[in-house]
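J.: Compact mmCIF, N, CA, C and O atoms, file query_7.txt:
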# COMPACT_ATOMS: atom_id res chain seq x y z
N MET T 14 16.05 -12.11 79.91
CA MET T 14 15.48 -11.03 79.13
C MET T 14 14.61 -11.57 78.00
O MET T 14 13.54 -11.04 77.73
N PHE T 15 15.11 -12.64 77.33
CA PHE T 15 14.31 -13.22 76.25
C PHE T 15 12.95 -13.68 76.79
O PHE T 15 11.92 -13.41 76.20
N SER T 16 12.98 -14.37 77.89
CA SER T 16 11.75 -14.93 78.45
C SER T 16 10.79 -13.85 78.92
O SER T 16 9.60 -13.86 78.57
N MET T 17 11.30 -12.91 79.72
CA MET T 17 10.41 -11.89 80.28
C MET T 17 9.86 -10.95 79.21
O MET T 17 8.68 -10.61 79.23
N CYS T 18 10.70 -10.53 78.28
CA CYS T 18 10.22 -9.63 77.22
C CYS T 18 9.25 -10.35 76.29
O CYS T 18 8.30 -9.75 75.80
N SER T 19 9.47 -11.63 76.07
CA SER T 19 8.53 -12.41 75.26
C SER T 19 7.20 -12.53 75.98
O SER T 19 6.14 -12.46 75.36
N THR T 20 7.25 -12.72 77.30
CA THR T 20 6.01 -12.78 78.07
C THR T 20 5.23 -11.49 77.91
O THR T 20 4.03 -11.50 77.65
N ALA T 21 5.92 -10.36 78.05
CA ALA T 21 5.25 -9.06 77.91
C ALA T 21 4.68 -8.87 76.52
O ALA T 21 3.61 -8.30 76.34
N ALA T 22 5.40 -9.36 75.51
CA ALA T 22 4.97 -9.19 74.12
C ALA T 22 3.93 -10.22 73.70
O ALA T 22 3.28 -10.05 72.67
N GLY T 23 3.80 -11.29 74.47
CA GLY T 23 2.86 -12.35 74.10
C GLY T 23 3.40 -13.26 73.02
O GLY T 23 2.64 -13.79 72.22
N THR T 24 4.72 -13.43 72.99
CA THR T 24 5.36 -14.28 71.99
C THR T 24 6.21 -15.35 72.68
O THR T 24 6.42 -15.29 73.89
N LYS T 25 6.71 -16.28 71.90
CA LYS T 25 7.63 -17.29 72.44
C LYS T 25 9.05 -16.72 72.41
O LYS T 25 9.41 -16.01 71.48
N PRO T 26 9.85 -17.04 73.42
CA PRO T 26 11.23 -16.53 73.41
C PRO T 26 12.00 -17.10 72.22
O PRO T 26 11.90 -18.29 71.94
N PRO T 27 12.76 -16.27 71.52
CA PRO T 27 13.53 -16.76 70.38
C PRO T 27 14.70 -17.64 70.80
O PRO T 27 15.19 -18.44 70.00
N ARG T 28 15.16 -17.50 72.05
CA ARG T 28 16.25 -18.33 72.57
C ARG T 28 15.94 -18.71 74.01
O ARG T 28 15.38 -17.92 74.75
N THR T 29 16.33 -19.91 74.38
CA THR T 29 16.19 -20.36 75.77
C THR T 29 17.44 -21.14 76.16
O THR T 29 18.19 -21.61 75.30
N GLY T 30 17.67 -21.29 77.44
CA GLY T 30 18.76 -22.09 77.94
C GLY T 30 20.15 -21.54 77.74
O GLY T 30 21.13 -22.27 77.86
N ILE T 31 20.24 -20.26 77.47
CA ILE T 31 21.54 -19.64 77.19
C ILE T 31 22.49 -19.85 78.37
O ILE T 31 23.66 -20.17 78.20
N GLU T 32 21.96 -19.67 79.59
CA GLU T 32 22.81 -19.76 80.77
C GLU T 32 23.42 -21.15 80.96
O GLU T 32 24.39 -21.31 81.69
N LYS T 33 22.87 -22.15 80.29
CA LYS T 33 23.37 -23.52 80.43
C LYS T 33 24.39 -23.91 79.37
O LYS T 33 25.16 -24.84 79.58
N VAL T 34 24.37 -23.21 78.23
CA VAL T 34 25.23 -23.66 77.13
C VAL T 34 26.23 -22.61 76.63
O VAL T 34 27.22 -22.96 76.03
N VAL T 35 25.96 -21.35 76.86
CA VAL T 35 26.85 -20.30 76.35
C VAL T 35 27.81 -19.90 77.47
O VAL T 35 27.39 -19.40 78.50
N THR T 36 29.09 -20.13 77.25
CA THR T 36 30.07 -19.82 78.29
C THR T 36 31.22 -18.93 77.81
O THR T 36 31.87 -18.29 78.62
N ALA T 37 31.47 -18.90 76.52
CA ALA T 37 32.57 -18.07 76.00
C ALA T 37 32.15 -16.61 75.98
O ALA T 37 31.01 -16.28 75.63
N LYS T 38 33.07 -15.74 76.36
CA LYS T 38 32.76 -14.31 76.45
C LYS T 38 32.19 -13.73 75.15
O LYS T 38 31.17 -13.03 75.20
N PRO T 39 32.78 -13.99 73.98
CA PRO T 39 32.20 -13.41 72.76
C PRO T 39 30.76 -13.88 72.51
O PRO T 39 29.91 -13.09 72.10
N ALA T 40 30.49 -15.14 72.80
CA ALA T 40 29.13 -15.67 72.61
C ALA T 40 28.17 -15.06 73.62
O ALA T 40 27.00 -14.80 73.31
N LEU T 41 28.64 -14.82 74.84
CA LEU T 41 27.80 -14.18 75.85
C LEU T 41 27.47 -12.74 75.46
O LEU T 41 26.34 -12.28 75.62
N ILE T 42 28.45 -12.04 74.93
CA ILE T 42 28.22 -10.66 74.48
C ILE T 42 27.21 -10.65 73.34
O ILE T 42 26.29 -9.82 73.32
N THR T 43 27.34 -11.57 72.41
CA THR T 43 26.38 -11.67 71.30
C THR T 43 24.98 -11.96 71.83
O THR T 43 24.00 -11.34 71.40
N ALA T 44 24.87 -12.90 72.76
CA ALA T 44 23.56 -13.25 73.32
C ALA T 44 22.95 -12.06 74.06
O ALA T 44 21.74 -11.82 73.96
N LEU T 45 23.78 -11.32 74.79
CA LEU T 45 23.28 -10.14 75.50
C LEU T 45 22.77 -9.09 74.53
O LEU T 45 21.69 -8.52 74.71
N LYS T 46 23.52 -8.86 73.46
CA LYS T 46 23.07 -7.89 72.45
C LYS T 46 21.77 -8.34 71.80
O LYS T 46 20.88 -7.52 71.54
N GLU T 47 21.63 -9.63 71.54
CA GLU T 47 20.39 -10.16 70.96
C GLU T 47 19.22 -9.98 71.94
O GLU T 47 18.11 -9.62 71.52
N ALA T 48 19.47 -10.23 73.21
CA ALA T 48 18.42 -10.08 74.22
C ALA T 48 17.97 -8.63 74.32
O ALA T 48 16.77 -8.35 74.43
N ILE T 49 18.92 -7.72 74.30
CA ILE T 49 18.58 -6.29 74.38
C ILE T 49 17.77 -5.88 73.15
O ILE T 49 16.76 -5.17 73.27
N ALA T 50 18.18 -6.34 71.98
CA ALA T 50 17.43 -6.02 70.76
C ALA T 50 16.02 -6.60 70.83
O ALA T 50 15.04 -5.95 70.43
N HIS T 51 15.91 -7.81 71.35
CA HIS T 51 14.59 -8.44 71.48
C HIS T 51 13.70 -7.62 72.42
O HIS T 51 12.53 -7.35 72.11
N CYS T 52 14.26 -7.21 73.56
CA CYS T 52 13.48 -6.41 74.50
C CYS T 52 13.14 -5.04 73.93
O CYS T 52 12.03 -4.54 74.13
N ASN T 53 14.07 -4.44 73.19
CA ASN T 53 13.76 -3.16 72.56
C ASN T 53 12.56 -3.29 71.64
O ASN T 53 11.72 -2.38 71.59
N GLY T 54 12.46 -4.41 70.95
CA GLY T 54 11.29 -4.65 70.10
C GLY T 54 10.01 -4.74 70.90
O GLY T 54 8.96 -4.22 70.50
N ALA T 55 10.09 -5.37 72.07
CA ALA T 55 8.90 -5.47 72.93
C ALA T 55 8.50 -4.11 73.46
O ALA T 55 7.31 -3.77 73.51
N TYR T 56 9.49 -3.29 73.85
CA TYR T 56 9.19 -1.93 74.32
C TYR T 56 8.59 -1.09 73.19
O TYR T 56 7.61 -0.37 73.40
N ASP T 57 9.18 -1.18 72.01
CA ASP T 57 8.71 -0.38 70.87
C ASP T 57 7.27 -0.73 70.48
O ASP T 57 6.51 0.14 70.05
N ALA T 58 6.92 -2.01 70.61
CA ALA T 58 5.58 -2.45 70.19
C ALA T 58 4.51 -2.22 71.25
O ALA T 58 3.32 -2.33 70.97
N MET T 59 4.93 -1.87 72.47
CA MET T 59 3.97 -1.71 73.56
C MET T 59 3.19 -0.40 73.39
O MET T 59 3.74 0.62 73.01
N THR T 60 1.90 -0.49 73.64
CA THR T 60 1.05 0.70 73.62
C THR T 60 0.50 0.93 75.03
O THR T 60 0.54 0.03 75.87
N ASP T 61 -0.02 2.12 75.27
CA ASP T 61 -0.62 2.41 76.58
C ASP T 61 -1.75 1.42 76.86
O ASP T 61 -1.86 0.90 77.97
N GLN T 62 -2.56 1.17 75.85
CA GLN T 62 -3.70 0.27 76.01
C GLN T 62 -3.24 -1.14 76.36
O GLN T 62 -3.70 -1.73 77.33
N LYS T 63 -2.35 -1.69 75.54
CA LYS T 63 -1.85 -3.05 75.78
C LYS T 63 -1.11 -3.15 77.11
O LYS T 63 -1.27 -4.12 77.86
N GLY T 64 -0.29 -2.16 77.39
CA GLY T 64 0.56 -2.21 78.57
C GLY T 64 -0.18 -2.14 79.88
O GLY T 64 0.22 -2.76 80.86
N SER T 65 -1.27 -1.38 79.91
CA SER T 65 -1.95 -1.17 81.19
C SER T 65 -3.18 -2.03 81.40
O SER T 65 -3.55 -2.30 82.54
N THR T 66 -3.83 -2.46 80.34
CA THR T 66 -5.10 -3.20 80.54
C THR T 66 -5.00 -4.69 80.27
O THR T 66 -5.82 -5.45 80.76
N GLU T 67 -4.00 -5.13 79.50
CA GLU T 67 -3.87 -6.55 79.21
C GLU T 67 -2.91 -7.19 80.20
O GLU T 67 -1.83 -6.67 80.45
N THR T 68 -3.32 -8.33 80.77
CA THR T 68 -2.45 -9.03 81.69
C THR T 68 -1.93 -10.32 81.03
O THR T 68 -2.54 -10.85 80.11
N VAL T 69 -0.80 -10.76 81.54
CA VAL T 69 -0.17 -12.00 81.07
C VAL T 69 0.22 -12.82 82.29
O VAL T 69 0.45 -12.27 83.37
N PRO T 70 0.29 -14.15 82.14
CA PRO T 70 0.75 -14.96 83.27
C PRO T 70 2.23 -14.66 83.55
O PRO T 70 3.04 -14.61 82.64
N PHE T 71 2.54 -14.41 84.81
CA PHE T 71 3.91 -14.08 85.19
C PHE T 71 4.20 -14.72 86.54
O PHE T 71 3.33 -15.32 87.16
N VAL T 72 5.39 -14.55 87.02
CA VAL T 72 5.83 -15.16 88.27
C VAL T 72 4.88 -14.85 89.42
O VAL T 72 4.62 -15.70 90.26
N PHE T 73 4.35 -13.65 89.46
CA PHE T 73 3.52 -13.20 90.57
C PHE T 73 2.03 -13.38 90.30
O PHE T 73 1.20 -12.86 91.02
N GLY T 74 1.67 -14.07 89.23
CA GLY T 74 0.28 -14.22 88.83
C GLY T 74 -0.01 -13.30 87.66
O GLY T 74 0.91 -12.73 87.06
N PRO T 75 -1.28 -13.15 87.31
CA PRO T 75 -1.62 -12.27 86.18
C PRO T 75 -1.06 -10.86 86.41
O PRO T 75 -1.31 -10.25 87.44
N THR T 76 -0.30 -10.38 85.43
CA THR T 76 0.43 -9.12 85.58
C THR T 76 0.25 -8.28 84.33
O THR T 76 0.33 -8.80 83.21
N PRO T 77 0.00 -6.97 84.47
CA PRO T 77 -0.07 -6.11 83.28
C PRO T 77 1.24 -6.20 82.48
O PRO T 77 2.32 -6.29 83.05
N ARG T 78 1.10 -6.17 81.17
CA ARG T 78 2.28 -6.29 80.29
C ARG T 78 3.35 -5.24 80.63
O ARG T 78 4.55 -5.55 80.65
N LEU T 79 2.94 -4.03 80.89
CA LEU T 79 3.89 -2.97 81.20
C LEU T 79 4.63 -3.24 82.52
O LEU T 79 5.81 -2.93 82.65
N SER T 80 3.97 -3.86 83.47
CA SER T 80 4.62 -4.21 84.73
C SER T 80 5.70 -5.27 84.51
O SER T 80 6.73 -5.26 85.20
N VAL T 81 5.48 -6.17 83.56
CA VAL T 81 6.51 -7.15 83.24
C VAL T 81 7.74 -6.44 82.68
O VAL T 81 8.87 -6.73 83.08
N LEU T 82 7.52 -5.49 81.79
CA LEU T 82 8.66 -4.74 81.23
C LEU T 82 9.35 -3.91 82.29
O LEU T 82 10.58 -3.79 82.29
N TYR T 83 8.59 -3.36 83.21
CA TYR T 83 9.19 -2.62 84.32
C TYR T 83 10.06 -3.55 85.16
O TYR T 83 11.16 -3.19 85.58
N PHE T 84 9.57 -4.77 85.38
CA PHE T 84 10.34 -5.77 86.14
C PHE T 84 11.66 -6.08 85.41
O PHE T 84 12.69 -6.24 86.05
N VAL T 85 11.62 -6.15 84.08
CA VAL T 85 12.85 -6.41 83.32
C VAL T 85 13.88 -5.32 83.62
O VAL T 85 15.06 -5.62 83.87
N VAL T 86 13.45 -4.08 83.63
CA VAL T 86 14.36 -2.96 83.89
C VAL T 86 14.95 -3.06 85.30
O VAL T 86 16.17 -2.99 85.48
N THR T 87 14.10 -3.24 86.29
CA THR T 87 14.60 -3.28 87.67
C THR T 87 15.48 -4.51 87.90
O THR T 87 16.50 -4.43 88.59
N HIS T 88 15.11 -5.63 87.32
CA HIS T 88 15.90 -6.85 87.47
C HIS T 88 17.28 -6.69 86.82
O HIS T 88 18.29 -7.14 87.36
N THR T 89 17.31 -6.02 85.68
CA THR T 89 18.58 -5.76 85.00
C THR T 89 19.48 -4.88 85.86
O THR T 89 20.70 -5.11 85.95
N TYR T 90 18.89 -3.87 86.52
CA TYR T 90 19.68 -3.01 87.41
C TYR T 90 20.24 -3.81 88.59
O TYR T 90 21.36 -3.55 89.05
N GLU T 91 19.49 -4.78 89.09
CA GLU T 91 20.01 -5.62 90.17
C GLU T 91 21.25 -6.39 89.70
O GLU T 91 22.25 -6.48 90.41
N HIS T 92 21.18 -6.94 88.49
CA HIS T 92 22.33 -7.65 87.94
C HIS T 92 23.51 -6.70 87.74
O HIS T 92 24.65 -7.05 88.02
N TYR T 93 23.24 -5.50 87.27
CA TYR T 93 24.31 -4.53 87.09
C TYR T 93 24.96 -4.21 88.44
O TYR T 93 26.18 -4.09 88.53
N GLY T 94 24.17 -4.10 89.47
CA GLY T 94 24.71 -3.85 90.81
C GLY T 94 25.67 -4.95 91.23
O GLY T 94 26.72 -4.69 91.83
N ASN T 95 25.32 -6.19 90.93
CA ASN T 95 26.22 -7.31 91.24
C ASN T 95 27.51 -7.19 90.44
O ASN T 95 28.60 -7.43 90.97
N LEU T 96 27.39 -6.85 89.17
CA LEU T 96 28.58 -6.70 88.33
C LEU T 96 29.50 -5.58 88.84
O LEU T 96 30.72 -5.71 88.82
N VAL T 97 28.89 -4.50 89.31
CA VAL T 97 29.68 -3.39 89.85
C VAL T 97 30.50 -3.87 91.05
O VAL T 97 31.68 -3.54 91.18
N THR T 98 29.89 -4.68 91.90
CA THR T 98 30.62 -5.22 93.05
C THR T 98 31.81 -6.04 92.59
O THR T 98 32.93 -5.87 93.10
N TYR T 99 31.61 -6.93 91.62
CA TYR T 99 32.71 -7.74 91.10
C TYR T 99 33.80 -6.87 90.46
O TYR T 99 34.98 -7.12 90.65
N MET T 100 33.39 -5.86 89.72
CA MET T 100 34.37 -4.98 89.08
C MET T 100 35.21 -4.27 90.14
O MET T 100 36.44 -4.21 90.03
N ARG T 101 34.56 -3.75 91.16
CA ARG T 101 35.30 -3.03 92.20
C ARG T 101 36.24 -3.96 92.95
O ARG T 101 37.33 -3.56 93.34
N LEU T 102 35.84 -5.21 93.17
CA LEU T 102 36.73 -6.18 93.81
C LEU T 102 37.98 -6.44 92.97
O LEU T 102 39.03 -6.79 93.50
N LYS T 103 37.86 -6.25 91.66
CA LYS T 103 38.99 -6.45 90.74
C LYS T 103 39.67 -5.12 90.40
O LYS T 103 40.44 -5.04 89.46
N ASN T 104 39.33 -4.06 91.17
CA ASN T 104 39.90 -2.72 90.96
C ASN T 104 39.60 -2.16 89.57
O ASN T 104 40.44 -1.49 88.96
N ILE T 105 38.42 -2.44 89.08
CA ILE T 105 37.94 -1.90 87.80
C ILE T 105 36.89 -0.84 88.11
O ILE T 105 36.00 -1.06 88.93
N VAL T 106 37.01 0.30 87.48
CA VAL T 106 36.00 1.35 87.66
C VAL T 106 34.82 1.03 86.75
O VAL T 106 34.97 0.93 85.54
N PRO T 107 33.62 0.85 87.33
CA PRO T 107 32.45 0.55 86.51
C PRO T 107 32.14 1.70 85.56
O PRO T 107 32.40 2.87 85.88
N PRO T 108 31.59 1.39 84.38
CA PRO T 108 31.30 2.45 83.41
C PRO T 108 30.42 3.57 83.98
O PRO T 108 30.61 4.73 83.65
N SER T 109 29.50 3.22 84.87
CA SER T 109 28.61 4.25 85.42
C SER T 109 29.31 5.17 86.40
O SER T 109 28.78 6.21 86.77
N SER T 110 30.52 4.82 86.82
CA SER T 110 31.28 5.65 87.76
C SER T 110 32.41 6.43 87.10
O SER T 110 33.09 7.22 87.75
N GLU T 111 32.63 6.18 85.82
CA GLU T 111 33.68 6.91 85.12
C GLU T 111 33.30 8.38 84.96
O GLU T 111 32.11 8.69 84.78
N PRO T 112 34.27 9.26 84.99
CA PRO T 112 33.95 10.67 84.78
C PRO T 112 33.41 10.90 83.36
O PRO T 112 33.77 10.18 82.44
N ALA T 113 32.55 11.89 83.27
CA ALA T 113 31.98 12.24 81.95
C ALA T 113 33.08 12.73 81.02
O ALA T 113 34.00 13.45 81.44
N ARG T 114 32.98 12.35 79.78
CA ARG T 114 33.96 12.80 78.78
C ARG T 114 33.46 14.07 78.13
O ARG T 114 32.28 14.23 77.87
N PRO T 115 34.41 15.00 77.87
CA PRO T 115 33.99 16.28 77.27
C PRO T 115 33.51 16.11 75.84
O PRO T 115 33.68 15.25 75.14
Let's see the structure in the file written out as structure tokens.

T.:
Amino acid sequence: MFSMCSTAAGTKPPRTGIEKVVTAKPALITALKEAIAHCNGAYDAMTDQKGSTETVPFVFGPTPRLSVLYFVVTHTYEHYGNLVTYMRLKNIVPPSSEPARP
């Protein structure tokens, strides 16, 4: 998230290599919250003009900034899908499947 949102924003990622050094659950939760906040900043700063007409180097070649942010969303959902599978294997009801609270 740090890398992709930074690419969309045209900035350097504030953190790198998290997957190699952060292993404790509390530190992972902190890193995830920081990544989400970083991406929220990229979304908030995006304009229609910047998002649709400016391209940035990305995995697939020059890509509109907004398409990079769209990729972040879809990629995150893919990871959530994997987590749901693991939760169900452990007999945990995923948050998205819990009944709505009144």

J.: Could you tell me which of T:Arg78, T:Lys63, T:Glu111, T:Ser16 comes closest to Thr29 in chain T if we count only N, CA, C and O atoms?

T.: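 Smallest separation from Thr29 in chain T among the options: T:Ser16.
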
J.: Would you please extract all alpha helix (DSSP H) residues from range 16-109 of chain T, as assigned by DSSP on the backbone, and give them as a PyMOL selection string?

T.: chain T and resi 16-22+31-34+38-58+61-66+78-102

J.: CA of Ser65 in chain T to CA of Ser19 in chain T: how many Å, to one decimal?

T.: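 Interatomic distance, CA of Ser65 in chain T to CA of Ser19 in chain T: 16.5 Å.
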
J.: Going by DSSP on the backbone, which residues of chain T come out as strand (DSSP E or B)? List them as an mmCIF file with N, CA, C and O atoms, in the coordinates of the input.

T.:
data_model
loop_
_atom_site.group_PDB
_atom_site.id
_atom_site.type_symbol
_atom_site.label_atom_id
_atom_site.label_comp_id
_atom_site.auth_asym_id
_atom_site.auth_seq_id
_atom_site.Cartn_x
_atom_site.Cartn_y
_atom_site.Cartn_z
ATOM 1 N N THR T 68 -3.320 -8.330 80.770
ATOM 2 C CA THR T 68 -2.450 -9.030 81.690
ATOM 3 C C THR T 68 -1.930 -10.320 81.030
ATOM 4 O O THR T 68 -2.540 -10.850 80.110
ATOM 5 N N VAL T 69 -0.800 -10.760 81.540
ATOM 6 C CA VAL T 69 -0.170 -12.000 81.070
ATOM 7 C C VAL T 69 0.220 -12.820 82.290
ATOM 8 O O VAL T 69 0.450 -12.270 83.370
ATOM 9 N N PRO T 70 0.290 -14.150 82.140
ATOM 10 C CA PRO T 70 0.750 -14.960 83.270
ATOM 11 C C PRO T 70 2.230 -14.660 83.550
ATOM 12 O O PRO T 70 3.040 -14.610 82.640
ATOM 13 N N PHE T 71 2.540 -14.410 84.810
ATOM 14 C CA PHE T 71 3.910 -14.080 85.190
ATOM 15 C C PHE T 71 4.200 -14.720 86.540
ATOM 16 O O PHE T 71 3.330 -15.320 87.160
ATOM 17 N N GLY T 74 1.670 -14.070 89.230
ATOM 18 C CA GLY T 74 0.280 -14.220 88.830
ATOM 19 C C GLY T 74 -0.010 -13.300 87.660
ATOM 20 O O GLY T 74 0.910 -12.730 87.060
ATOM 21 N N PRO T 75 -1.280 -13.150 87.310
ATOM 22 C CA PRO T 75 -1.620 -12.270 86.180
ATOM 23 C C PRO T 75 -1.060 -10.860 86.410
ATOM 24 O O PRO T 75 -1.310 -10.250 87.440
ATOM 25 N N THR T 76 -0.300 -10.380 85.430
ATOM 26 C CA THR T 76 0.430 -9.120 85.580
ATOM 27 C C THR T 76 0.250 -8.280 84.330
ATOM 28 O O THR T 76 0.330 -8.800 83.210
ATOM 29 N N PRO T 77 0.000 -6.970 84.470
ATOM 30 C CA PRO T 77 -0.070 -6.110 83.280
ATOM 31 C C PRO T 77 1.240 -6.200 82.480
ATOM 32 O O PRO T 77 2.320 -6.290 83.050
#

J.: Within 10 Å of Gly23 in chain T, counting only C-alpha atoms, which residues qualify if same-chain residues fewer than 2 places away don't, as a list of chain:residue names?

T.: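 Near neighbours after the sequence-gap exclusion: T:Met17, T:Cys18, T:Ser19, T:Thr20, T:Ala21, T:Lys25, T:Pro26, T:Ala55, T:Thr68, T:Val69, T:Pro70, T:Arg78.
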
J.: Create the file for the chosen residues now, containing N, CA, C and O atoms and written as an mmCIF file, in the frame of the given file.

T.:
data_model
loop_
_atom_site.group_PDB
_atom_site.id
_atom_site.type_symbol
_atom_site.label_atom_id
_atom_site.label_comp_id
_atom_site.auth_asym_id
_atom_site.auth_seq_id
_atom_site.Cartn_x
_atom_site.Cartn_y
_atom_site.Cartn_z
ATOM 1 N N MET T 17 11.300 -12.910 79.720
ATOM 2 C CA MET T 17 10.410 -11.890 80.280
ATOM 3 C C MET T 17 9.860 -10.950 79.210
ATOM 4 O O MET T 17 8.680 -10.610 79.230
ATOM 5 N N CYS T 18 10.700 -10.530 78.280
ATOM 6 C CA CYS T 18 10.220 -9.630 77.220
ATOM 7 C C CYS T 18 9.250 -10.350 76.290
ATOM 8 O O CYS T 18 8.300 -9.750 75.800
ATOM 9 N N SER T 19 9.470 -11.630 76.070
ATOM 10 C CA SER T 19 8.530 -12.410 75.260
ATOM 11 C C SER T 19 7.200 -12.530 75.980
ATOM 12 O O SER T 19 6.140 -12.460 75.360
ATOM 13 N N THR T 20 7.250 -12.720 77.300
ATOM 14 C CA THR T 20 6.010 -12.780 78.070
ATOM 15 C C THR T 20 5.230 -11.490 77.910
ATOM 16 O O THR T 20 4.030 -11.500 77.650
ATOM 17 N N ALA T 21 5.920 -10.360 78.050
ATOM 18 C CA ALA T 21 5.250 -9.060 77.910
ATOM 19 C C ALA T 21 4.680 -8.870 76.520
ATOM 20 O O ALA T 21 3.610 -8.300 76.340
ATOM 21 N N LYS T 25 6.710 -16.280 71.900
ATOM 22 C CA LYS T 25 7.630 -17.290 72.440
ATOM 23 C C LYS T 25 9.050 -16.720 72.410
ATOM 24 O O LYS T 25 9.410 -16.010 71.480
ATOM 25 N N PRO T 26 9.850 -17.040 73.420
ATOM 26 C CA PRO T 26 11.230 -16.530 73.410
ATOM 27 C C PRO T 26 12.000 -17.100 72.220
ATOM 28 O O PRO T 26 11.900 -18.290 71.940
ATOM 29 N N ALA T 55 10.090 -5.370 72.070
ATOM 30 C CA ALA T 55 8.900 -5.470 72.930
ATOM 31 C C ALA T 55 8.500 -4.110 73.460
ATOM 32 O O ALA T 55 7.310 -3.770 73.510
ATOM 33 N N THR T 68 -3.320 -8.330 80.770
ATOM 34 C CA THR T 68 -2.450 -9.030 81.690
ATOM 35 C C THR T 68 -1.930 -10.320 81.030
ATOM 36 O O THR T 68 -2.540 -10.850 80.110
ATOM 37 N N VAL T 69 -0.800 -10.760 81.540
ATOM 38 C CA VAL T 69 -0.170 -12.000 81.070
ATOM 39 C C VAL T 69 0.220 -12.820 82.290
ATOM 40 O O VAL T 69 0.450 -12.270 83.370
ATOM 41 N N PRO T 70 0.290 -14.150 82.140
ATOM 42 C CA PRO T 70 0.750 -14.960 83.270
ATOM 43 C C PRO T 70 2.230 -14.660 83.550
ATOM 44 O O PRO T 70 3.040 -14.610 82.640
ATOM 45 N N ARG T 78 1.100 -6.170 81.170
ATOM 46 C CA ARG T 78 2.280 -6.290 80.290
ATOM 47 C C ARG T 78 3.350 -5.240 80.630
ATOM 48 O O ARG T 78 4.550 -5.550 80.650
#

J.: Figure out the distance between atom C of Leu79 in chain T and CA of Asp61 in chain T, please, to one decimal in Å.

T.: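 Atom C of Leu79 in chain T lies at a distance of 9.7 Å from CA of Asp61 in chain T.
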
J.: Assuming 3 Å of padding per side, give the centre and edge lengths of the axis-aligned box around every listed atom of range 31-50 of chain T, in Å to one decimal and as lines of an AutoDock Vina configuration file.

T.:
center_x = 24.1
center_y = -15.0
center_z = 76.1
size_x = 24.0
size_y = 25.7
size_z = 17.3

J.: Using CA of Met59 in chain T and atom C of Ala22 in chain T as the two end points, give the distance in Å to one decimal.

T.: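 Those two atoms sit 8.5 Å apart.
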
J.: Kindly provide, as a list in words, the polymer residues lying within 7 Å of (14.0, -7.3, 78.1), counting only C-alpha atoms and using the coordinates exactly as they appear in the file.

T.: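 I get Met14, Phe15, Met17, Cys18, Ala48, Ile49, His51, Cys52, Asn53, Leu82 and Val85 of chain T for the residues within 7 Å of that point.
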